[in-house]
file my_file_20.cif (mmCIF, C-alpha atoms)
data_input
loop_
_atom_site.group_PDB
_atom_site.id
_atom_site.type_symbol
_atom_site.label_atom_id
_atom_site.label_comp_id
_atom_site.auth_asym_id
_atom_site.auth_seq_id
_atom_site.Cartn_x
_atom_site.Cartn_y
_atom_site.Cartn_z
ATOM 1 C CA MET C 30 -15.637 -10.466 -38.882
ATOM 2 C CA ALA C 31 -15.464 -12.872 -35.968
ATOM 3 C CA SER C 32 -11.837 -11.923 -35.321
ATOM 4 C CA ILE C 33 -12.863 -8.291 -34.851
ATOM 5 C CA PHE C 34 -15.371 -9.293 -32.166
ATOM 6 C CA ASP C 35 -12.815 -11.592 -30.525
ATOM 7 C CA ARG C 36 -10.297 -8.769 -30.447
ATOM 8 C CA LEU C 37 -12.904 -6.339 -29.076
ATOM 9 C CA ASN C 38 -13.891 -8.865 -26.420
ATOM 10 C CA SER C 39 -10.262 -9.368 -25.327
ATOM 11 C CA GLU C 40 -9.706 -5.591 -25.169
ATOM 12 C CA ILE C 41 -12.801 -5.192 -22.993
ATOM 13 C CA ASP C 42 -11.541 -7.981 -20.718
ATOM 14 C CA GLN C 43 -8.166 -6.228 -20.380
ATOM 15 C CA ILE C 44 -9.851 -2.943 -19.514
ATOM 16 C CA GLY C 45 -11.979 -4.749 -16.921
ATOM 17 C CA ASP C 46 -8.873 -6.297 -15.377
ATOM 18 C CA ARG C 47 -7.177 -2.896 -15.187
ATOM 19 C CA VAL C 48 -10.219 -1.306 -13.562
ATOM 20 C CA ARG C 49 -10.404 -4.139 -11.023
ATOM 21 C CA THR C 50 -6.700 -3.731 -10.222
ATOM 22 C CA VAL C 51 -7.062 0.022 -9.734
ATOM 23 C CA PHE C 52 -10.112 -0.485 -7.503
ATOM 24 C CA GLU C 53 -8.340 -3.078 -5.331
ATOM 25 C CA SER C 54 -5.228 -0.930 -5.099
ATOM 26 C CA SER C 55 -7.248 2.155 -4.106
ATOM 27 C CA LYS C 56 -9.105 0.226 -1.422
ATOM 28 C CA LEU C 57 -5.830 -1.086 0.022
ATOM 29 C CA HIS C 58 -4.296 2.405 0.007
ATOM 30 C CA LEU C 59 -7.296 3.763 1.908
ATOM 31 C CA ASP C 60 -7.050 0.984 4.496
ATOM 32 C CA ARG C 61 -3.322 1.615 4.834
ATOM 33 C CA SER C 62 -3.872 5.353 5.345
ATOM 34 C CA ARG C 63 -6.469 4.673 8.028
ATOM 35 C CA LEU C 64 -4.068 2.322 9.834
ATOM 36 C CA ILE C 65 -1.247 4.848 9.663
ATOM 37 C CA GLY C 66 -3.533 7.388 11.325
ATOM 38 C CA LEU C 67 -4.369 4.909 14.087
ATOM 39 C CA ARG C 68 -0.671 4.103 14.508
ATOM 40 C CA SER C 69 0.153 7.799 14.843
ATOM 41 C CA LYS C 70 -2.472 8.272 17.555
ATOM 42 C CA ALA C 71 -1.274 5.215 19.476
ATOM 43 C CA ALA C 72 2.359 6.335 19.164
ATOM 44 C CA TYR C 73 1.437 9.772 20.512
ATOM 45 C CA LYS C 74 -0.348 8.235 23.510
ATOM 46 C CA LEU C 75 2.612 5.935 24.131
ATOM 47 C CA GLY C 76 5.011 8.858 23.926
ATOM 48 C CA MET C 77 2.983 10.829 26.438
ATOM 49 C CA LEU C 78 2.901 7.887 28.855
ATOM 50 C CA VAL C 79 6.657 7.402 28.589
ATOM 51 C CA TYR C 80 7.168 11.135 29.099
ATOM 52 C CA LYS C 81 5.011 11.077 32.234
ATOM 53 C CA LYS C 82 6.847 7.998 33.514
ATOM 54 C CA GLU C 83 10.238 9.643 32.967
ATOM 55 C CA ARG C 84 9.046 12.724 34.826
ATOM 56 C CA GLY C 85 8.117 10.607 37.845
ATOM 57 C CA ALA C 86 4.350 10.387 37.414
ATOM 58 C CA GLU C 87 2.486 7.185 38.193
ATOM 59 C CA ILE C 88 1.304 5.408 35.061
ATOM 60 C CA ASN C 89 -0.797 2.328 34.515
ATOM 61 C CA GLN C 90 1.500 -0.446 33.281
ATOM 62 C CA GLY C 91 -1.478 -2.229 31.717
ATOM 63 C CA GLU C 92 -2.230 0.815 29.582
ATOM 64 C CA LEU C 93 1.408 0.968 28.498
ATOM 65 C CA ASP C 94 1.414 -2.734 27.551
ATOM 66 C CA ALA C 95 -1.885 -2.324 25.693
ATOM 67 C CA LEU C 96 -0.429 0.502 23.598
ATOM 68 C CA PHE C 97 2.622 -1.606 22.736
ATOM 69 C CA ALA C 98 0.334 -4.465 21.686
ATOM 70 C CA GLN C 99 -1.849 -2.091 19.666
ATOM 71 C CA LEU C 100 1.192 -0.695 17.843
ATOM 72 C CA ASP C 101 2.472 -4.200 17.089
ATOM 73 C CA ASP C 102 -0.940 -5.206 15.745
ATOM 74 C CA ILE C 103 -1.267 -2.120 13.556
ATOM 75 C CA SER C 104 2.267 -2.530 12.203
ATOM 76 C CA ALA C 105 1.525 -6.153 11.285
ATOM 77 C CA LYS C 106 -1.667 -5.089 9.474
ATOM 78 C CA ILE C 107 0.231 -2.411 7.548
ATOM 79 C CA ALA C 108 2.866 -4.972 6.519
ATOM 80 C CA THR C 109 0.095 -7.312 5.321
ATOM 81 C CA ILE C 110 -1.472 -4.539 3.251
ATOM 82 C CA ASP C 111 1.938 -3.676 1.788
ATOM 83 C CA ARG C 112 2.350 -7.297 0.661
ATOM 84 C CA GLU C 113 -1.156 -7.283 -0.828
ATOM 85 C CA LEU C 114 -0.374 -4.056 -2.677
ATOM 86 C CA ASP C 115 2.759 -5.641 -4.113
ATOM 87 C CA GLU C 116 0.698 -8.600 -5.313
ATOM 88 C CA VAL C 117 -1.987 -6.384 -6.856
ATOM 89 C CA GLN C 118 0.543 -4.201 -8.620
ATOM 90 C CA GLY C 119 2.698 -7.159 -9.598
ATOM 91 C CA GLU C 120 5.806 -5.637 -8.115
ATOM 92 C CA THR C 121 8.011 -7.425 -5.666
ATOM 93 C CA ILE C 122 10.562 -5.399 -3.811
ATOM 94 C CA SER C 123 13.102 -7.275 -1.791
ATOM 95 C CA VAL C 124 15.317 -5.824 0.870
ATOM 96 C CA ASP C 125 17.856 -8.524 0.070
ATOM 97 C CA GLU C 126 18.700 -6.914 -3.261
ATOM 98 C CA HIS C 127 22.343 -5.936 -3.589
ATOM 99 C CA PRO C 128 23.230 -2.397 -4.611
ATOM 100 C CA ALA C 129 24.923 -1.752 -7.924
ATOM 101 C CA PRO C 130 28.708 -2.062 -7.873
ATOM 102 C CA PRO C 131 30.544 1.222 -7.454
ATOM 103 C CA ALA C 132 31.362 3.051 -10.658
ATOM 104 C CA GLU C 133 34.928 3.673 -11.692
ATOM 105 C CA THR C 134 36.193 7.126 -10.918
ATOM 106 C CA ALA C 135 37.002 9.388 -13.819
ATOM 107 C CA GLU C 136 38.696 12.707 -14.096
ATOM 108 C CA ALA C 137 36.552 15.701 -14.797
ATOM 109 C CA GLU C 138 37.267 17.771 -17.839
ATOM 110 C CA VAL C 139 38.209 21.326 -16.909
ATOM 111 C CA SER C 140 37.395 24.077 -19.333
ATOM 112 C CA LYS C 141 38.804 27.551 -19.076
ATOM 113 C CA PRO C 142 36.442 30.464 -19.462
ATOM 114 C CA ALA C 143 36.904 32.351 -22.681
ATOM 115 C CA SER C 144 38.811 35.549 -22.110
ATOM 116 C CA THR C 145 37.181 38.691 -23.310
ATOM 117 C CA THR C 146 39.278 41.626 -24.379
ATOM 118 C CA VAL C 147 37.786 45.055 -24.694
#

call {"tool": "encode", "arguments": {"input": "my_file_20.cif", "output": "structure tokens"}}
result
Amino acid sequence: MASIFDRLNSEIDQIGDRVRTVFESSKLHLDRSRLIGLRSKAAYKLGMLVYKKERGAEINQGELDALFAQLDDISAKIATIDRELDEVQGETISVDEHPAPPAETAEAEVSKPASTTV
């Protein structure tokens, strides 16, 4: 009888761990989405300033530098959240991974359509 309660208790603990993981992952995804929105707005402003500069308009260099700094900061925060998501999900993806070796080439089998006689 005690083993049934032990098993039930361990199952409840596993469910709790899964719920906690899903909650943490959802929170990180929301934060990441918010940062991507901020990055898009900053990139748009930066693009408009560069456009104006290229067209000969006077721009404030301090504003341009501030946008570059803001984009760098947001990109660093997104990278941090991506690492945290990998930890929460238990997946590690490395850019250093080598692709699979190329497969050997093979000849395709050619089939002739059946002739129909009327």

call {"tool": "atom_distance", "arguments": {"input": "my_file_20.cif", "atom1": "CA of Ser104 in chain C", "atom2": "CA of Ser62 in chain C"}}
result
12.1 Å

call {"tool": "resolve_selection", "arguments": {"input": "my_file_20.cif", "expression": "the PyMOL selection byres ((chain C and resi 68) around 10)", "output": "list in words"}}
result
Ser62, Arg63, Leu64, Ile65, Gly66, Leu67, Ser69, Lys70, Ala71, Ala72, Tyr73, Lys74, Leu96, Gln99, Leu100, Asp101, Asp102, Ile103, Ser104 and Ile107 of chain C

call {"tool": "atom_distance", "arguments": {"input": "my_file_20.cif", "atom1": "CA of Arg61 in chain C", "atom2": "CA of Asp111 in chain C"}}
result
8.1 Å

call {"tool": "closest_residue", "arguments": {"input": "my_file_20.cif", "among": "C:Lys106, C:Phe97, C:Asp60, C:Pro130", "to": "Gly76 in chain C", "atoms": "only C-alpha atoms"}}
result
C:Phe97

call {"tool": "resolve_selection", "arguments": {"input": "my_file_20.cif", "expression": "the PyMOL selection byres ((chain C and resi 41-51) around 12)", "output": "ChimeraX atom specification"}}
result
/C:34-40,52-58,113-119

call {"tool": "closest_residue", "arguments": {"input": "my_file_20.cif", "among": "C:Ile110, C:Leu78, C:Ala105, C:Ala132", "to": "Gln90 in chain C", "atoms": "only C-alpha atoms"}}
result
C:Leu78

call {"tool": "atom_distance", "arguments": {"input": "my_file_20.cif", "atom1": "CA of Leu75 in chain C", "atom2": "CA of Glu92 in chain C"}}
result
8.9 Å

call {"tool": "decode", "arguments": {"input": "my_file_20.cif", "residues": "range 81-117 of chain C", "atoms": "N, CA and C atoms", "output": "PDB file, in the first residue's frame"}}
result
ATOM      1  N   LYS C  81      17.938  59.361 -43.850  1.00  0.00           N
ATOM      2  CA  LYS C  81      18.016  60.826 -43.857  1.00  0.00           C
ATOM      3  C   LYS C  81      19.453  61.294 -44.045  1.00  0.00           C
ATOM      4  N   LYS C  82      20.386  60.617 -43.394  1.00  0.00           N
ATOM      5  CA  LYS C  82      21.804  60.981 -43.514  1.00  0.00           C
ATOM      6  C   LYS C  82      22.282  60.799 -44.949  1.00  0.00           C
ATOM      7  N   GLU C  83      21.890  59.703 -45.587  1.00  0.00           N
ATOM      8  CA  GLU C  83      22.301  59.442 -46.962  1.00  0.00           C
ATOM      9  C   GLU C  83      21.684  60.443 -47.943  1.00  0.00           C
ATOM     10  N   ARG C  84      20.543  60.982 -47.581  1.00  0.00           N
ATOM     11  CA  ARG C  84      19.878  61.956 -48.436  1.00  0.00           C
ATOM     12  C   ARG C  84      20.353  63.380 -48.154  1.00  0.00           C
ATOM     13  N   GLY C  85      21.325  63.531 -47.261  1.00  0.00           N
ATOM     14  CA  GLY C  85      21.923  64.834 -47.024  1.00  0.00           C
ATOM     15  C   GLY C  85      21.332  65.615 -45.870  1.00  0.00           C
ATOM     16  N   ALA C  86      20.414  65.054 -45.135  1.00  0.00           N
ATOM     17  CA  ALA C  86      19.818  65.773 -44.005  1.00  0.00           C
ATOM     18  C   ALA C  86      20.767  65.737 -42.809  1.00  0.00           C
ATOM     19  N   GLU C  87      20.648  66.742 -41.969  1.00  0.00           N
ATOM     20  CA  GLU C  87      21.443  66.791 -40.740  1.00  0.00           C
ATOM     21  C   GLU C  87      20.803  65.851 -39.716  1.00  0.00           C
ATOM     22  N   ILE C  88      21.639  65.004 -39.120  1.00  0.00           N
ATOM     23  CA  ILE C  88      21.124  64.112 -38.077  1.00  0.00           C
ATOM     24  C   ILE C  88      21.971  64.289 -36.830  1.00  0.00           C
ATOM     25  N   ASN C  89      21.407  63.919 -35.710  1.00  0.00           N
ATOM     26  CA  ASN C  89      22.100  64.004 -34.439  1.00  0.00           C
ATOM     27  C   ASN C  89      22.916  62.720 -34.259  1.00  0.00           C
ATOM     28  N   GLN C  90      24.249  62.866 -34.237  1.00  0.00           N
ATOM     29  CA  GLN C  90      25.115  61.703 -34.109  1.00  0.00           C
ATOM     30  C   GLN C  90      24.895  60.988 -32.771  1.00  0.00           C
ATOM     31  N   GLY C  91      24.558  61.729 -31.745  1.00  0.00           N
ATOM     32  CA  GLY C  91      24.284  61.125 -30.439  1.00  0.00           C
ATOM     33  C   GLY C  91      23.077  60.205 -30.492  1.00  0.00           C
ATOM     34  N   GLU C  92      22.058  60.619 -31.237  1.00  0.00           N
ATOM     35  CA  GLU C  92      20.864  59.783 -31.384  1.00  0.00           C
ATOM     36  C   GLU C  92      21.193  58.502 -32.148  1.00  0.00           C
ATOM     37  N   LEU C  93      22.036  58.643 -33.168  1.00  0.00           N
ATOM     38  CA  LEU C  93      22.463  57.482 -33.950  1.00  0.00           C
ATOM     39  C   LEU C  93      23.249  56.504 -33.073  1.00  0.00           C
ATOM     40  N   ASP C  94      24.180  57.015 -32.288  1.00  0.00           N
ATOM     41  CA  ASP C  94      24.977  56.166 -31.390  1.00  0.00           C
ATOM     42  C   ASP C  94      24.101  55.507 -30.327  1.00  0.00           C
ATOM     43  N   ALA C  95      23.109  56.244 -29.836  1.00  0.00           N
ATOM     44  CA  ALA C  95      22.203  55.691 -28.824  1.00  0.00           C
ATOM     45  C   ALA C  95      21.387  54.529 -29.393  1.00  0.00           C
ATOM     46  N   LEU C  96      20.969  54.650 -30.648  1.00  0.00           N
ATOM     47  CA  LEU C  96      20.214  53.561 -31.272  1.00  0.00           C
ATOM     48  C   LEU C  96      21.084  52.322 -31.479  1.00  0.00           C
ATOM     49  N   PHE C  97      22.349  52.545 -31.877  1.00  0.00           N
ATOM     50  CA  PHE C  97      23.269  51.410 -32.003  1.00  0.00           C
ATOM     51  C   PHE C  97      23.454  50.715 -30.652  1.00  0.00           C
ATOM     52  N   ALA C  98      23.635  51.497 -29.605  1.00  0.00           N
ATOM     53  CA  ALA C  98      23.809  50.929 -28.263  1.00  0.00           C
ATOM     54  C   ALA C  98      22.552  50.194 -27.819  1.00  0.00           C
ATOM     55  N   GLN C  99      21.387  50.762 -28.113  1.00  0.00           N
ATOM     56  CA  GLN C  99      20.124  50.132 -27.745  1.00  0.00           C
ATOM     57  C   GLN C  99      19.965  48.789 -28.469  1.00  0.00           C
ATOM     58  N   LEU C 100      20.300  48.758 -29.755  1.00  0.00           N
ATOM     59  CA  LEU C 100      20.206  47.512 -30.508  1.00  0.00           C
ATOM     60  C   LEU C 100      21.178  46.455 -29.973  1.00  0.00           C
ATOM     61  N   ASP C 101      22.386  46.873 -29.633  1.00  0.00           N
ATOM     62  CA  ASP C 101      23.353  45.936 -29.058  1.00  0.00           C
ATOM     63  C   ASP C 101      22.848  45.369 -27.732  1.00  0.00           C
ATOM     64  N   ASP C 102      22.278  46.233 -26.905  1.00  0.00           N
ATOM     65  CA  ASP C 102      21.755  45.811 -25.610  1.00  0.00           C
ATOM     66  C   ASP C 102      20.601  44.825 -25.772  1.00  0.00           C
ATOM     67  N   ILE C 103      19.679  45.140 -26.661  1.00  0.00           N
ATOM     68  CA  ILE C 103      18.527  44.270 -26.885  1.00  0.00           C
ATOM     69  C   ILE C 103      18.969  42.923 -27.454  1.00  0.00           C
ATOM     70  N   SER C 104      19.916  42.943 -28.381  1.00  0.00           N
ATOM     71  CA  SER C 104      20.410  41.690 -28.958  1.00  0.00           C
ATOM     72  C   SER C 104      21.080  40.817 -27.900  1.00  0.00           C
ATOM     73  N   ALA C 105      21.815  41.440 -26.989  1.00  0.00           N
ATOM     74  CA  ALA C 105      22.449  40.682 -25.901  1.00  0.00           C
ATOM     75  C   ALA C 105      21.398  40.071 -24.979  1.00  0.00           C
ATOM     76  N   LYS C 106      20.330  40.822 -24.693  1.00  0.00           N
ATOM     77  CA  LYS C 106      19.255  40.289 -23.842  1.00  0.00           C
ATOM     78  C   LYS C 106      18.543  39.131 -24.522  1.00  0.00           C
ATOM     79  N   ILE C 107      18.320  39.227 -25.821  1.00  0.00           N
ATOM     80  CA  ILE C 107      17.681  38.137 -26.558  1.00  0.00           C
ATOM     81  C   ILE C 107      18.569  36.893 -26.531  1.00  0.00           C
ATOM     82  N   ALA C 108      19.874  37.067 -26.704  1.00  0.00           N
ATOM     83  CA  ALA C 108      20.791  35.929 -26.657  1.00  0.00           C
ATOM     84  C   ALA C 108      20.771  35.275 -25.273  1.00  0.00           C
ATOM     85  N   THR C 109      20.692  36.083 -24.219  1.00  0.00           N
ATOM     86  CA  THR C 109      20.617  35.548 -22.860  1.00  0.00           C
ATOM     87  C   THR C 109      19.345  34.735 -22.676  1.00  0.00           C
ATOM     88  N   ILE C 110      18.229  35.253 -23.155  1.00  0.00           N
ATOM     89  CA  ILE C 110      16.961  34.530 -23.042  1.00  0.00           C
ATOM     90  C   ILE C 110      17.011  33.231 -23.848  1.00  0.00           C
ATOM     91  N   ASP C 111      17.643  33.269 -25.019  1.00  0.00           N
ATOM     92  CA  ASP C 111      17.772  32.044 -25.814  1.00  0.00           C
ATOM     93  C   ASP C 111      18.552  30.974 -25.057  1.00  0.00           C
ATOM     94  N   ARG C 112      19.624  31.382 -24.371  1.00  0.00           N
ATOM     95  CA  ARG C 112      20.396  30.424 -23.569  1.00  0.00           C
ATOM     96  C   ARG C 112      19.555  29.885 -22.414  1.00  0.00           C
ATOM     97  N   GLU C 113      18.784  30.759 -21.771  1.00  0.00           N
ATOM     98  CA  GLU C 113      17.924  30.319 -20.673  1.00  0.00           C
ATOM     99  C   GLU C 113      16.848  29.355 -21.169  1.00  0.00           C
ATOM    100  N   LEU C 114      16.309  29.615 -22.360  1.00  0.00           N
ATOM    101  CA  LEU C 114      15.327  28.708 -22.931  1.00  0.00           C
ATOM    102  C   LEU C 114      15.942  27.337 -23.205  1.00  0.00           C
ATOM    103  N   ASP C 115      17.164  27.330 -23.701  1.00  0.00           N
ATOM    104  CA  ASP C 115      17.848  26.058 -23.937  1.00  0.00           C
ATOM    105  C   ASP C 115      18.024  25.286 -22.639  1.00  0.00           C
ATOM    106  N   GLU C 116      18.366  26.003 -21.560  1.00  0.00           N
ATOM    107  CA  GLU C 116      18.545  25.345 -20.270  1.00  0.00           C
ATOM    108  C   GLU C 116      17.225  24.798 -19.742  1.00  0.00           C
ATOM    109  N   VAL C 117      16.155  25.581 -19.879  1.00  0.00           N
ATOM    110  CA  VAL C 117      14.848  25.152 -19.378  1.00  0.00           C
ATOM    111  C   VAL C 117      14.361  23.936 -20.156  1.00  0.00           C
TER     112      VAL C 117
END
